[in-house]
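Colleague: My structure is stored as final31.cif, with mmCIF, C-alpha atoms.
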data_my_file
#
loop_
_atom_site.label_atom_id
_atom_site.label_comp_id
_atom_site.auth_asym_id
_atom_site.auth_seq_id
_atom_site.Cartn_x
_atom_site.Cartn_y
_atom_site.Cartn_z
CA MET C 79 -0.82 9.76 -2.03
CA PHE C 80 -3.17 7.53 -0.07
CA LYS C 81 -4.10 8.22 3.54
CA GLY C 82 -5.45 5.85 6.15
CA SER C 83 -6.28 5.61 9.83
CA CYS C 84 -7.66 3.38 12.53
CA LEU C 85 -11.21 3.68 13.91
CA CYS C 86 -10.27 6.13 16.68
CA ARG C 87 -8.00 8.02 14.24
CA GLY C 88 -5.17 7.83 16.76
CA VAL C 89 -3.03 6.07 14.16
CA ARG C 90 -2.72 7.79 10.80
CA TYR C 91 -0.58 6.71 7.89
CA GLU C 92 0.27 7.69 4.33
CA LEU C 93 1.18 5.64 1.28
CA SER C 94 3.27 7.23 -1.45
CA ALA C 95 2.33 4.39 -3.84
CA GLU C 96 -0.95 2.76 -4.76
CA PRO C 97 -1.59 -0.59 -3.06
CA GLY C 98 -1.24 -3.58 -5.35
CA ALA C 99 -3.64 -6.26 -6.52
CA PHE C 100 -5.75 -7.95 -3.87
CA GLY C 101 -8.35 -10.60 -3.22
CA TYR C 102 -10.58 -11.67 -0.39
CA CYS C 103 -8.93 -14.16 1.95
CA HIS C 104 -11.30 -16.50 3.76
CA CYS C 105 -8.70 -18.41 5.82
CA THR C 106 -9.48 -18.86 9.49
CA SER C 107 -6.58 -16.64 10.54
CA CYS C 108 -7.71 -13.71 8.37
CA ARG C 109 -11.32 -14.14 9.50
CA LYS C 110 -10.25 -14.02 13.15
CA ALA C 111 -7.90 -11.06 12.58
CA SER C 112 -10.59 -9.06 10.76
CA GLY C 113 -13.58 -10.15 12.84
CA SER C 114 -15.44 -10.63 9.58
CA ALA C 115 -16.14 -13.20 6.89
CA HIS C 116 -12.93 -12.43 5.03
CA ALA C 117 -10.04 -9.98 4.85
CA ALA C 118 -9.20 -7.51 2.09
CA ASN C 119 -5.46 -6.83 2.20
CA ALA C 120 -3.27 -5.28 -0.48
CA PRO C 121 0.52 -5.14 -0.72
CA VAL C 122 2.57 -1.98 -0.64
CA ASP C 123 6.32 -1.57 -0.47
CA ARG C 124 7.40 -0.74 3.07
CA SER C 125 9.37 2.20 1.68
CA ALA C 126 6.06 3.73 0.49
CA PHE C 127 4.42 3.44 3.96
CA ARG C 128 4.78 6.16 6.58
CA ILE C 129 3.17 6.49 10.01
CA VAL C 130 2.05 10.12 10.37
CA SER C 131 0.82 9.89 13.97
CA GLY C 132 0.14 7.33 16.66
CA ARG C 133 3.17 5.08 16.26
CA GLU C 134 3.10 4.54 20.05
CA LEU C 135 -0.43 3.05 19.71
CA ILE C 136 0.64 0.31 17.29
CA ARG C 137 1.34 -3.18 18.56
CA GLU C 138 2.23 -6.27 16.58
CA PHE C 139 0.99 -9.78 17.29
CA GLN C 140 2.82 -12.79 15.87
CA SER C 141 -0.16 -14.85 14.70
CA SER C 142 1.99 -17.65 13.31
CA PRO C 143 5.76 -18.09 13.03
CA GLY C 144 7.12 -15.07 11.19
CA LYS C 145 3.69 -13.49 10.51
CA PHE C 146 3.00 -10.22 12.32
CA ARG C 147 -0.34 -8.41 12.44
CA ALA C 148 -0.33 -4.77 13.52
CA PHE C 149 -3.26 -3.11 15.26
CA CYS C 150 -4.18 0.02 17.24
CA THR C 151 -4.07 -0.66 20.98
CA ASN C 152 -6.70 2.01 21.62
CA CYS C 153 -9.52 0.92 19.28
CA GLY C 154 -8.30 -2.51 18.11
CA SER C 155 -8.40 -1.73 14.38
CA PRO C 156 -6.19 -4.04 12.32
CA LEU C 157 -3.85 -1.90 10.23
CA TYR C 158 -1.38 -4.05 8.31
CA ALA C 159 0.52 -7.32 8.40
CA HIS C 160 3.95 -8.46 7.29
CA LEU C 161 6.14 -11.53 7.11
CA SER C 162 9.64 -11.47 8.57
CA SER C 163 10.75 -13.40 5.47
CA VAL C 164 9.51 -10.57 3.20
CA PRO C 165 10.65 -7.43 5.04
CA ASP C 166 10.19 -5.01 2.13
CA VAL C 167 6.41 -5.55 1.75
CA ILE C 168 3.52 -4.90 4.11
CA ARG C 169 -0.13 -5.74 3.52
CA ILE C 170 -2.50 -2.87 4.24
CA ARG C 171 -5.97 -3.60 5.60
CA LEU C 172 -8.01 -1.88 2.91
CA GLY C 173 -10.80 -1.00 5.34
CA THR C 174 -8.41 1.47 7.01
CA LEU C 175 -7.92 3.58 3.87
CA ASP C 176 -9.44 7.06 4.02
CA THR C 177 -8.54 7.82 0.38
CA PRO C 178 -10.75 6.15 -2.24
CA PHE C 179 -9.20 2.97 -3.62
CA LEU C 180 -10.73 1.84 -6.90
CA LYS C 181 -9.06 -1.49 -7.66
CA GLN C 182 -11.35 -4.51 -7.56
CA PRO C 183 -10.66 -7.90 -5.97
CA GLN C 184 -9.14 -10.51 -8.28
CA ALA C 185 -10.02 -13.69 -6.36
CA HIS C 186 -11.56 -15.31 -3.32
CA THR C 187 -8.78 -17.36 -1.71
CA TRP C 188 -8.87 -20.06 0.93
CA VAL C 189 -12.58 -20.70 0.38
CA SER C 190 -11.91 -24.14 1.89
CA ASP C 191 -11.85 -22.28 5.24
CA LYS C 192 -14.72 -19.88 4.57
CA ALA C 193 -17.38 -19.29 7.20
CA PRO C 194 -20.34 -21.64 6.60
CA TRP C 195 -22.74 -18.70 6.97
CA GLU C 196 -21.08 -16.68 4.19
CA PRO C 197 -22.48 -17.15 0.68
CA ILE C 198 -20.20 -16.12 -2.16
CA ASP C 199 -22.55 -14.98 -4.88
CA ASP C 200 -20.33 -12.76 -7.03
CA LYS C 201 -18.48 -13.64 -10.22
CA ILE C 202 -14.98 -13.30 -8.73
CA PRO C 203 -12.99 -16.54 -9.20
CA GLN C 204 -12.82 -18.79 -6.12
CA PHE C 205 -9.91 -20.98 -5.04
CA GLU C 206 -9.72 -23.63 -2.33
CA THR C 207 -6.29 -22.33 -1.24
CA TRP C 208 -4.05 -19.80 -3.01
CA ALA C 209 -5.10 -18.40 -6.36
CA PRO C 210 -2.61 -19.14 -9.13
CA LYS C 211 -0.15 -16.28 -9.48
CA SER C 212 -1.47 -15.74 -13.01
CA VAL C 213 -4.80 -14.73 -11.41
CA LEU C 214 -3.52 -13.01 -8.27
CA HIS C 215 0.06 -12.66 -7.12
CA GLN C 216 -0.30 -11.85 -3.42
CA ARG C 217 2.97 -10.09 -2.69
CA GLY C 218 4.08 -10.29 0.91
CA THR C 219 2.25 -13.54 1.66
CA ARG C 220 3.21 -17.18 1.99
CA GLN C 221 1.83 -17.76 -1.51
CA ASP C 222 5.37 -17.19 -2.78
CA ALA C 223 6.57 -20.17 -0.74
CA ALA C 224 3.62 -22.38 -1.71
#
Starting from the coordinates I provided, produce the structure as C-alpha cells.

Modeller:
Amino acid sequence: MFKGSCLCRGVRYELSAEPGAFGYCHCTSCRKASGSAHAANAPVDRSAFRIVSGRELIREFQSSPGKFRAFCTNCGSPLYAHLSSVPDVIRIRLGTLDTPFLKQPQAHTWVSDKAPWEPIDDKIPQFETWAPKSVLHQRGTRQDAA
C-alpha cells in the first residue's frame, strides 16, 4: 500500500499497487504543470487508485486534447494525469507520495524541450523525444501512439 497527499494534505490517496517504471519528462507541458525543470510521473492502474479524502478539492484541467491534469484547488499541488484514450491508467506525480518509493528513473525524455538552465549531469539515458519502449514504456502516455 502506498499513500500520498497534496501539500495542504486536504487530498489524500492510496495505491494498492506499486507505481510502474518512470523517467523524467522535460517537455514544456510537464515543466509548466510541475513548475520545475522536469516531471516525475509513474503509471498505476486506475483500479489501484483510491481517493481517501478531499475528492471535492480535486479539479482537472485539459492541458491538450484528451489530456487531463488533476490538482488540489486549495494548495495547487499537481496530483495525477490521465488520457481519455487510456482510461484504465493514471500517472501519479511522484512528489505527492508519502510512502517511500524506491524505483529509479529509466530515462530523461523530451530533452529537446528541456529548460536551458537545467544541466543533466547524471548517467540516465537521454532522448530527444520519447525513449524507446525497450528502455522505458511509459504506460498511460501518448508514447503508445507515437

Colleague: When you count all atoms listed in the file, which of these residues is closest to Thr207 (chain C): C:Ser155, C:Ala118, C:Val189, C:Ala111?

Modeller: C:Val189

Colleague: Care to translate the PyMOL selection byres ((chain C and resi 124) around 12) into actual residues of this file, as a PyMOL selection string?

Modeller: chain C and resi 91-97+121-123+125-129+158-161+164-170+217-218

Colleague: Taking 2 positions as the minimum chain separation for residues in the same chain, which residues sit within 6 Å of Ala185 (chain C) when counting only C-alpha atoms? Answer as a PyMOL selection string.

Modeller: chain C and resi 101+183+202-204

Colleague: Nearest to Pro143 (chain C) among C:His116, C:Leu180, C:Arg220, C:Ala209, with distances taken over all atoms listed in the file: which residue is it?

Modeller: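 The answer is C:Arg220, which sits nearest to Pro143 (chain C).
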
Colleague: When the PyMOL selection byres ((chain C and resi 90) around 10) is applied to the file above, which residues end up in the set, as JSON, numbers by chain?

Modeller: {"C": [81, 82, 83, 84, 85, 86, 87, 88, 89, 91, 92, 128, 129, 130, 131, 132, 133, 157, 174, 175, 176]}

Colleague: With 3 Å on each side, where is the centre of the axis-aligned box around all listed atoms of region 184-190 of chain C, and how long are its edges in Å to one decimal, as JSON?

Modeller:
{"center_x": -10.7, "center_y": -17.3, "center_z": -3.2, "size_x": 9.8, "size_y": 19.6, "size_z": 16.2}

Colleague: Taking all atoms listed in the file into account, which of C:Cys105, C:Ala117, C:Ala148, C:Leu172 comes nearest Phe205 (chain C)?

Modeller: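 Nearest candidate to Phe205 (chain C) out of C:Cys105, C:Ala117, C:Ala148, C:Leu172: C:Cys105.
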
Colleague: Which value, in Å to one decimal, gives the distance between CA of Phe146 (chain C) and CA of Tyr102 (chain C)?

Modeller: 18.7 Å

Colleague: For Ser163 (chain C), which of C:Lys145, C:Thr151, C:Gly98, C:Trp195 is the closest residue, counting only C-alpha atoms?

Modeller: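 Closest residue, counting only C-alpha atoms: C:Lys145.
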
Colleague: Starting from the block above, write region 108-138 of chain C out to a file with N, CA, C and O atoms, as a compact mmCIF listing (two decimals), in the first residue's frame, please.

Modeller:
# COMPACT_ATOMS: atom_id res chain seq x y z
N CYS C 108 4.99 19.41 -19.30
CA CYS C 108 5.30 18.85 -17.98
C CYS C 108 6.04 19.86 -17.11
O CYS C 108 5.82 19.95 -15.90
N ARG C 109 6.94 20.63 -17.73
CA ARG C 109 7.64 21.66 -16.94
C ARG C 109 6.65 22.69 -16.40
O ARG C 109 6.70 23.07 -15.24
N LYS C 110 5.73 23.13 -17.23
CA LYS C 110 4.73 24.11 -16.78
C LYS C 110 3.82 23.51 -15.71
O LYS C 110 3.50 24.17 -14.73
N ALA C 111 3.38 22.26 -15.90
CA ALA C 111 2.47 21.62 -14.96
C ALA C 111 3.14 21.37 -13.61
O ALA C 111 2.48 21.40 -12.57
N SER C 112 4.45 21.12 -13.62
CA SER C 112 5.15 20.84 -12.36
C SER C 112 5.76 22.08 -11.74
O SER C 112 6.07 22.09 -10.55
N GLY C 113 5.97 23.13 -12.55
CA GLY C 113 6.63 24.32 -12.04
C GLY C 113 8.10 24.08 -11.77
O GLY C 113 8.73 24.79 -11.00
N SER C 114 8.66 23.08 -12.44
CA SER C 114 10.04 22.69 -12.20
C SER C 114 10.71 22.37 -13.53
O SER C 114 10.13 22.54 -14.59
N ALA C 115 11.94 21.88 -13.45
CA ALA C 115 12.71 21.58 -14.65
C ALA C 115 12.20 20.36 -15.40
O ALA C 115 12.42 20.23 -16.60
N HIS C 116 11.54 19.47 -14.69
CA HIS C 116 11.00 18.26 -15.32
C HIS C 116 9.95 17.66 -14.40
O HIS C 116 9.80 18.10 -13.26
N ALA C 117 9.24 16.67 -14.90
CA ALA C 117 8.22 15.99 -14.11
C ALA C 117 8.64 14.54 -13.91
O ALA C 117 9.30 13.95 -14.76
N ALA C 118 8.27 14.00 -12.77
CA ALA C 118 8.49 12.58 -12.46
C ALA C 118 7.12 11.97 -12.22
O ALA C 118 6.50 12.20 -11.18
N ASN C 119 6.64 11.21 -13.19
CA ASN C 119 5.29 10.65 -13.17
C ASN C 119 5.38 9.16 -13.44
O ASN C 119 6.09 8.74 -14.34
N ALA C 120 4.64 8.37 -12.66
CA ALA C 120 4.67 6.92 -12.85
C ALA C 120 3.25 6.40 -13.02
O ALA C 120 2.32 6.88 -12.37
N PRO C 121 3.09 5.38 -13.87
CA PRO C 121 1.75 4.84 -14.11
C PRO C 121 1.28 3.93 -12.99
O PRO C 121 2.07 3.25 -12.32
N VAL C 122 -0.02 3.93 -12.81
CA VAL C 122 -0.68 2.97 -11.92
C VAL C 122 -2.06 2.70 -12.51
O VAL C 122 -2.67 3.59 -13.11
N ASP C 123 -2.51 1.48 -12.39
CA ASP C 123 -3.86 1.17 -12.87
C ASP C 123 -4.87 1.96 -12.06
O ASP C 123 -4.76 2.06 -10.83
N ARG C 124 -5.84 2.53 -12.75
CA ARG C 124 -6.88 3.32 -12.07
C ARG C 124 -7.58 2.49 -10.98
O ARG C 124 -7.93 3.01 -9.94
N SER C 125 -7.71 1.20 -11.21
CA SER C 125 -8.37 0.34 -10.22
C SER C 125 -7.58 0.23 -8.92
O SER C 125 -8.13 -0.16 -7.89
N ALA C 126 -6.29 0.58 -8.95
CA ALA C 126 -5.44 0.52 -7.76
C ALA C 126 -5.36 1.87 -7.04
O ALA C 126 -4.69 2.00 -6.03
N PHE C 127 -6.05 2.89 -7.55
CA PHE C 127 -6.00 4.25 -7.02
C PHE C 127 -7.31 4.57 -6.31
O PHE C 127 -8.39 4.33 -6.85
N ARG C 128 -7.19 5.08 -5.09
CA ARG C 128 -8.39 5.43 -4.32
C ARG C 128 -8.18 6.75 -3.59
O ARG C 128 -7.20 6.92 -2.87
N ILE C 129 -9.11 7.68 -3.78
CA ILE C 129 -9.10 8.94 -3.03
C ILE C 129 -9.63 8.63 -1.63
O ILE C 129 -10.75 8.13 -1.49
N VAL C 130 -8.87 8.95 -0.60
CA VAL C 130 -9.27 8.70 0.78
C VAL C 130 -10.02 9.91 1.33
O VAL C 130 -11.02 9.76 2.04
N SER C 131 -9.55 11.11 1.00
CA SER C 131 -10.23 12.32 1.44
C SER C 131 -9.90 13.47 0.49
O SER C 131 -8.88 13.45 -0.19
N GLY C 132 -10.81 14.43 0.44
CA GLY C 132 -10.58 15.63 -0.35
C GLY C 132 -10.99 15.57 -1.80
O GLY C 132 -10.60 16.42 -2.60
N ARG C 133 -11.80 14.59 -2.17
CA ARG C 133 -12.24 14.49 -3.57
C ARG C 133 -12.82 15.82 -4.09
O ARG C 133 -12.61 16.19 -5.24
N GLU C 134 -13.52 16.53 -3.20
CA GLU C 134 -14.15 17.80 -3.60
C GLU C 134 -13.12 18.90 -3.90
O GLU C 134 -13.45 19.90 -4.52
N LEU C 135 -11.86 18.70 -3.49
CA LEU C 135 -10.80 19.68 -3.74
C LEU C 135 -10.11 19.45 -5.08
O LEU C 135 -9.34 20.29 -5.53
N ILE C 136 -10.35 18.32 -5.72
CA ILE C 136 -9.65 17.98 -6.96
C ILE C 136 -10.37 18.58 -8.16
O ILE C 136 -11.58 18.46 -8.30
N ARG C 137 -9.60 19.22 -9.00
CA ARG C 137 -10.09 19.72 -10.29
C ARG C 137 -9.18 19.18 -11.37
O ARG C 137 -8.00 18.94 -11.14
N GLU C 138 -9.74 19.02 -12.56
CA GLU C 138 -8.96 18.57 -13.70
C GLU C 138 -8.93 19.66 -14.76
O GLU C 138 -9.93 20.31 -15.02
